[in-house]
file input_14.cif (mmCIF, C-alpha atoms)
data_upload
loop_
_atom_site.label_atom_id
_atom_site.label_comp_id
_atom_site.auth_asym_id
_atom_site.auth_seq_id
_atom_site.Cartn_x
_atom_site.Cartn_y
_atom_site.Cartn_z
CA MET W 212 0.00 0.00 0.00
CA THR W 213 1.42 3.41 -0.98
CA ALA W 214 1.52 6.43 1.32
CA ALA W 215 -1.18 8.08 -0.76
CA GLN W 216 -3.39 5.05 -0.41
CA GLN W 217 -2.76 4.97 3.33
CA ASP W 218 -3.78 8.63 3.55
CA SER W 219 -7.09 7.82 1.94
CA THR W 220 -7.96 4.97 4.27
CA ILE W 221 -9.45 5.04 7.76
CA CYS W 222 -9.17 1.91 9.85
CA LEU W 223 -10.84 1.27 13.20
CA THR W 224 -10.56 -1.85 15.32
CA LEU W 225 -13.64 -2.13 17.49
CA PRO W 226 -14.87 -4.52 20.17
CA ALA W 227 -17.20 -7.19 18.82
CA ASP W 228 -20.24 -5.68 20.51
CA TYR W 229 -23.62 -4.49 19.26
CA GLU W 230 -22.95 -1.24 21.13
CA GLU W 231 -20.50 -0.36 18.36
CA LEU W 232 -23.15 -0.39 15.62
CA PRO W 233 -24.16 3.30 16.02
CA LEU W 234 -20.50 4.31 16.00
CA ILE W 235 -19.84 2.37 12.79
CA ARG W 236 -22.74 4.10 11.05
CA HIS W 237 -21.75 7.47 12.50
CA VAL W 238 -18.18 7.24 11.20
CA ILE W 239 -19.39 6.27 7.73
CA ARG W 240 -21.91 9.13 7.68
CA GLN W 241 -19.26 11.62 8.75
CA THR W 242 -16.60 10.36 6.38
CA LEU W 243 -18.31 9.67 3.08
CA ALA W 244 -20.51 11.83 0.87
CA PRO W 245 -24.12 12.27 1.99
CA LEU W 246 -26.74 10.06 0.41
CA SER W 247 -30.47 10.45 0.06
CA ARG W 248 -32.39 9.22 3.10
CA ASP W 249 -33.54 6.02 1.44
CA GLN W 250 -30.16 5.31 -0.13
CA GLU W 251 -28.45 5.83 3.20
CA SER W 252 -30.91 3.55 4.94
CA ARG W 253 -30.30 0.81 2.38
CA TYR W 254 -26.52 1.14 2.47
CA LEU W 255 -26.13 1.48 6.24
CA GLY W 256 -28.67 -1.30 6.71
CA ALA W 257 -26.40 -3.54 4.66
CA VAL W 258 -23.37 -2.42 6.68
CA THR W 259 -25.31 -3.22 9.84
CA GLU W 260 -26.13 -6.72 8.62
CA ILE W 261 -22.48 -7.41 7.82
CA ALA W 262 -21.28 -5.93 11.12
CA VAL W 263 -23.77 -7.99 13.11
CA ASN W 264 -22.66 -11.13 11.29
CA ALA W 265 -19.03 -10.28 12.08
CA ILE W 266 -19.81 -9.61 15.76
CA GLU W 267 -21.74 -12.86 16.09
CA SER W 268 -19.07 -14.79 14.23
CA VAL W 269 -16.24 -13.76 16.54
CA THR W 270 -18.42 -13.98 19.64
CA ALA W 271 -18.91 -17.66 18.83
CA THR W 272 -15.17 -18.28 18.95
CA ALA W 273 -12.40 -17.91 21.50
CA ARG W 274 -10.45 -15.82 19.02
CA GLN W 275 -9.79 -12.10 18.94
CA ARG W 276 -13.04 -10.44 20.06
CA SER W 277 -12.83 -7.51 17.72
CA ILE W 278 -13.86 -6.49 14.24
CA THR W 279 -12.16 -4.10 11.87
CA LEU W 280 -13.89 -1.29 9.99
CA THR W 281 -11.96 0.16 7.08
CA ILE W 282 -13.19 3.09 5.03
CA GLN W 283 -11.39 3.64 1.76
CA LEU W 284 -11.97 7.14 0.44
CA HIS W 285 -10.29 6.90 -2.98
CA PRO W 286 -10.52 5.98 -5.76
CA GLN W 287 -13.77 4.12 -5.17
CA PRO W 288 -15.17 4.78 -1.70
CA THR W 289 -15.61 1.41 -0.05
CA VAL W 290 -16.41 0.17 3.44
CA THR W 291 -14.77 -3.07 4.50
CA ILE W 292 -15.64 -5.10 7.58
CA ALA W 293 -13.30 -7.87 8.66
CA ASP W 294 -13.43 -10.38 11.47
CA HIS W 295 -11.49 -13.39 12.73
CA GLY W 296 -14.51 -15.62 13.13
CA LEU W 297 -15.25 -19.04 11.71
CA GLY W 298 -16.12 -17.82 8.24
CA ILE W 299 -19.23 -18.13 6.15
CA ASP W 300 -20.29 -20.13 3.17
CA ALA W 301 -20.56 -17.26 0.73
CA SER W 302 -21.65 -19.50 -2.12
CA GLU W 303 -24.80 -20.41 -0.27
CA LEU W 304 -25.06 -17.02 1.49
CA GLN W 305 -25.67 -18.80 4.77
CA PRO W 306 -24.18 -17.36 7.97
CA ALA W 307 -22.28 -19.88 10.06
CA LYS W 308 -24.25 -18.72 13.07
CA CYS W 309 -26.90 -16.09 13.21
CA GLY W 310 -29.20 -14.93 15.98
CA ASN W 311 -31.60 -13.18 13.64
CA LEU W 312 -33.64 -14.34 10.69
CA GLY W 313 -30.57 -15.97 9.21
CA GLN W 314 -31.01 -13.82 6.12
CA GLY W 315 -28.64 -10.98 6.91
CA LEU W 316 -26.33 -11.66 3.98
CA ILE W 317 -29.22 -11.99 1.57
CA ILE W 318 -30.58 -8.65 2.74
CA ALA W 319 -27.16 -7.03 2.50
CA LYS W 320 -26.62 -8.31 -1.04
CA ALA W 321 -30.03 -7.04 -2.05
CA ALA W 322 -29.13 -3.57 -0.77
CA VAL W 323 -25.56 -3.57 -2.10
CA PRO W 324 -25.51 -6.02 -5.03
CA ASN W 325 -21.83 -5.47 -5.80
CA LEU W 326 -20.55 -6.32 -2.31
CA SER W 327 -17.82 -8.94 -2.25
CA ILE W 328 -17.07 -11.59 0.34
CA SER W 329 -13.79 -13.29 1.07
CA SER W 330 -14.12 -15.93 3.74
CA THR W 331 -12.02 -18.74 5.15
CA ASP W 332 -12.02 -20.56 8.46
CA GLU W 333 -9.62 -17.85 9.65
CA GLY W 334 -12.13 -15.05 9.18
CA THR W 335 -14.23 -13.04 6.78
CA ILE W 336 -13.72 -9.82 4.85
CA VAL W 337 -16.72 -8.11 3.27
CA ARG W 338 -16.30 -5.10 0.98
CA LEU W 339 -19.26 -2.84 0.36
CA PRO W 340 -18.66 -0.32 -2.44
CA TYR W 341 -20.24 3.02 -1.55
CA PRO W 342 -22.86 4.31 -3.98
CA LEU W 343 -21.54 6.73 -6.58
CA PRO W 344 -22.84 10.31 -6.45
CA ASN W 345 -25.09 9.77 -9.44
CA GLN W 346 -26.63 6.83 -7.61
CA ALA W 347 -27.14 8.79 -4.42
CA ALA W 348 -30.40 10.41 -5.36
CA SER W 349 -32.22 7.17 -6.11
CA MET D 131 -13.85 9.73 20.02
CA ASN D 132 -17.23 10.98 21.17
CA ARG D 133 -19.96 8.42 20.91
CA PRO D 134 -22.96 9.33 18.76
CA PRO D 135 -26.11 9.98 20.79
CA PRO D 136 -28.70 7.21 21.13
CA THR D 137 -30.75 7.09 17.98
CA PHE D 138 -33.63 4.80 18.80
CA ALA D 139 -36.87 5.74 20.51
CA ILE D 140 -40.23 4.13 21.17
CA ALA D 141 -43.42 6.10 21.76
CA THR D 142 -46.11 3.82 23.16
CA SER D 143 -49.79 4.66 23.19
CA LEU D 144 -53.10 2.91 23.63
CA THR D 145 -55.66 3.79 20.96
CA ASN D 146 -59.05 2.11 20.53
CA GLY D 147 -57.88 -1.04 22.26
CA VAL D 148 -54.68 -1.30 20.25
CA ALA D 149 -51.24 -0.81 21.77
CA CYS D 150 -49.21 1.21 19.30
CA PHE D 151 -45.43 1.38 19.23
CA ASP D 152 -44.11 4.22 17.13
CA LEU D 153 -40.45 3.52 16.47
CA SER D 154 -37.90 6.06 15.35
CA GLY D 155 -34.21 5.87 14.51
CA GLU D 156 -32.10 2.75 14.29
CA PHE D 157 -33.94 -0.53 14.89
CA ASP D 158 -31.24 -3.19 14.88
CA ALA D 159 -29.58 -5.96 16.86
CA ARG D 160 -28.55 -3.43 19.50
CA THR D 161 -32.02 -1.96 20.04
CA VAL D 162 -34.17 -5.08 19.62
CA PRO D 163 -33.93 -5.89 23.36
CA GLN D 164 -35.24 -2.40 24.18
CA PHE D 165 -38.17 -2.92 21.81
CA GLU D 166 -38.98 -6.37 23.18
CA ALA D 167 -38.83 -5.11 26.76
CA GLU D 168 -41.22 -2.26 25.94
CA VAL D 169 -43.64 -4.67 24.28
CA ALA D 170 -43.41 -7.09 27.19
CA ASN D 171 -44.18 -4.29 29.64
CA GLN D 172 -47.20 -3.26 27.63
CA ILE D 173 -48.54 -6.79 27.32
CA THR D 174 -48.05 -7.35 31.04
CA SER D 175 -50.04 -4.24 31.90
CA THR D 176 -52.73 -4.82 29.25
CA PRO D 177 -52.79 -8.50 28.28
CA ASP D 178 -54.75 -9.86 25.32
CA ILE D 179 -54.45 -6.76 23.23
CA ASP D 180 -53.85 -6.15 19.55
CA LEU D 181 -50.55 -4.49 18.68
CA ALA D 182 -49.36 -2.06 16.01
CA VAL D 183 -45.77 -1.19 15.20
CA CYS D 184 -45.13 1.89 13.07
CA LEU D 185 -41.85 1.90 11.14
CA GLY D 186 -42.39 5.21 9.35
CA ALA D 187 -39.73 7.07 11.33
CA THR D 188 -37.07 4.37 11.40
CA ASP D 189 -33.83 4.99 9.51
CA ILE D 190 -32.24 1.58 9.90
CA ILE D 191 -33.81 -1.84 10.14
CA ASP D 192 -31.91 -5.11 10.02
CA SER D 193 -32.71 -8.79 10.07
CA SER D 194 -32.53 -8.85 13.88
CA ALA D 195 -35.35 -6.32 13.95
CA LEU D 196 -37.32 -8.27 11.36
CA GLY D 197 -36.80 -11.36 13.48
CA ALA D 198 -38.23 -9.54 16.49
CA LEU D 199 -41.33 -8.63 14.48
CA VAL D 200 -41.75 -12.24 13.36
CA ARG D 201 -41.44 -13.51 16.94
CA LEU D 202 -43.94 -10.95 18.14
CA ASP D 203 -46.35 -11.84 15.33
CA ALA D 204 -46.13 -15.53 16.24
CA ALA D 205 -46.76 -14.78 19.92
CA GLN D 206 -49.75 -12.61 19.06
CA ARG D 207 -51.26 -15.28 16.83
CA LYS D 208 -50.78 -17.85 19.59
CA ALA D 209 -52.69 -15.53 21.92
CA ASN D 210 -55.39 -14.98 19.28
CA GLN D 211 -54.36 -11.35 18.97
CA SER D 212 -52.97 -9.43 16.05
CA LEU D 213 -49.86 -7.50 15.09
CA THR D 214 -49.96 -4.95 12.29
CA VAL D 215 -46.81 -3.34 10.90
CA HIS D 216 -47.55 0.20 9.76
CA ALA D 217 -45.91 2.51 7.25
CA PRO D 218 -42.81 0.60 6.21
CA ARG D 219 -40.56 2.81 4.10
CA PRO D 220 -39.84 1.78 0.49
CA PHE D 221 -36.55 0.07 1.30
CA GLN D 222 -38.23 -1.74 4.18
CA VAL D 223 -40.96 -2.99 1.85
CA ASP D 224 -38.19 -4.37 -0.33
CA LEU D 225 -36.64 -6.14 2.66
CA LEU D 226 -39.98 -7.57 3.72
CA ARG D 227 -40.55 -8.84 0.19
CA ILE D 228 -37.04 -10.31 -0.14
CA THR D 229 -37.40 -12.17 3.12
CA GLY D 230 -40.91 -13.38 2.31
CA LEU D 231 -42.36 -11.57 5.29
CA THR D 232 -45.01 -9.80 3.24
CA GLN D 233 -46.74 -13.19 3.23
CA ILE D 234 -46.48 -13.61 7.00
CA LEU D 235 -46.84 -10.20 8.60
CA THR D 236 -49.93 -8.03 8.39
CA ILE D 237 -48.73 -4.80 6.81
CA ALA D 238 -50.53 -1.48 6.43
CA SER D 239 -48.85 0.88 3.98
CA THR D 240 -49.77 3.95 6.00
CA CYS D 241 -50.24 4.92 9.61
CA GLU D 242 -53.05 7.42 9.98
CA ARG D 243 -52.30 7.89 13.64
CA CYS D 244 -48.66 8.90 13.65
CA CYS D 245 -47.33 9.30 10.11
#

call {"tool": "encode", "arguments": {"input": "input_14.cif", "output": "structure tokens"}}
result
Amino acid sequence: MTAAQQDSTICLTLPADYEELPLIRHVIRQTLAPLSRDQESRYLGAVTEIAVNAIESVTATARQRSITLTIQLHPQPTVTIADHGLGIDASELQPAKCGNLGQGLIIAKAAVPNLSISSTDEGTIVRLPYPLPNQAAS
Amino acid sequence: MNRPPPTFAIATSLTNGVACFDLSGEFDARTVPQFEAEVANQITSTPDIDLAVCLGATDIIDSSALGALVRLDAAQRKANQSLTVHAPRPFQVDLLRITGLTQILTIASTCERCC
């Protein structure tokens, strides 16, 4: 990673706790360009689903009880959430363990269709590209 | 870093024999326990009552929140009472459709009382 790339990236390591969800959304709102109300609700709803999955994934293990939020500002704004949990089966979009409807990933992919998932039994990284300005008004 | 202020609120009222919960802000895994406690308190004080949940002022809703609504709906049906979800926003309608919950939950597109 170059110095310029490092300058355009914000990285926070947070406790794997639901109490961090408002902070995650707050940092994204404050850092990236404003969206329309509905677009923001869709995007941050997807981020919430992924964050909850990450929190639940690491809570189910004896591993590092933290998740990492990375906000890349340039060239394509992107939010990345990483954990050291047990991983997910991305091909089937089924969380390894979920305390909700079990459809969090499906909901997140519906809201952010171009999100990408990289998952092994060492952890999961989910990248959620931020909507482009010309998509923000939808 | 300063923490953002709490962004979830519940206004509870009793109207024509229906307990109404008007939710605002961020309804997610963190705030579901608060919602379920409020509902439990209401049902304890006025058992066997129909319920309404208005989503019109919510900004965030996740699958944990949808799960809470499904659990509440099932409990109400078991008690021969109803739950109606009012005024879901467009993106919430999409989520309800994606998850198949439009076929399970009773949904009213508007909320004449609070929206």

call {"tool": "closest_residue", "arguments": {"input": "input_14.cif", "among": "W:Gln275, W:Ile299, W:Val269, W:Arg253", "to": "Pro324 in chain W", "atoms": "all atoms listed in the file"}}
result
W:Arg253

call {"tool": "resolve_selection", "arguments": {"input": "input_14.cif", "expression": "the PyMOL selection byres ((chain D) within 12 of (chain W))", "output": "PyMOL selection string"}}
result
chain D and resi 131-138+155-163+186-201+218-231

call {"tool": "atom_distance", "arguments": {"input": "input_14.cif", "atom1": "CA of Ser154 in chain D", "atom2": "CA of Ala238 in chain D"}}
result
17.2 Å

call {"tool": "residues_around", "arguments": {"input": "input_14.cif", "residues": "Thr174 in chain D", "least_positions_apart": "6", "cutoff": "12 Å", "atoms": "only C-alpha atoms", "output": "PDB file with C-alpha atoms, in the coordinates of the input"}}
result
ATOM      1  CA  ALA D 149     -51.240  -0.810  21.770  1.00  0.00           C
ATOM      2  CA  ALA D 167     -38.830  -5.110  26.760  1.00  0.00           C
ATOM      3  CA  GLU D 168     -41.220  -2.260  25.940  1.00  0.00           C
TER       4      GLU D 168
END

call {"tool": "atom_distance", "arguments": {"input": "input_14.cif", "atom1": "CA of Thr142 in chain D", "atom2": "CA of Glu242 in chain D"}}
result
15.3 Å

call {"tool": "residues_around", "arguments": {"input": "input_14.cif", "residues": "Ser277 in chain W", "least_positions_apart": "3", "cutoff": "8 Å", "atoms": "only C-alpha atoms", "output": "list of chain:residue names"}}
result
W:Thr224, W:Leu225, W:Pro226, W:Ala227, W:Ile266, W:Val269, W:Asp294, W:His295

call {"tool": "closest_residue", "arguments": {"input": "input_14.cif", "among": "W:Leu246, W:Ala262, W:Pro342, W:Ser219", "to": "Ile282 in chain W", "atoms": "only C-alpha atoms"}}
result
W:Ser219

call {"tool": "residues_around", "arguments": {"input": "input_14.cif", "residues": "Ser268 in chain W", "least_positions_apart": "2", "cutoff": "7 Å", "atoms": "all atoms listed in the file", "output": "NGL selection string"}}
result
:W and (264-266 or 270-271 or 296-297 or 308)

call {"tool": "atom_distance", "arguments": {"input": "input_14.cif", "atom1": "CA of Asn325 in chain W", "atom2": "CA of Gln283 in chain W"}}
result
15.8 Å
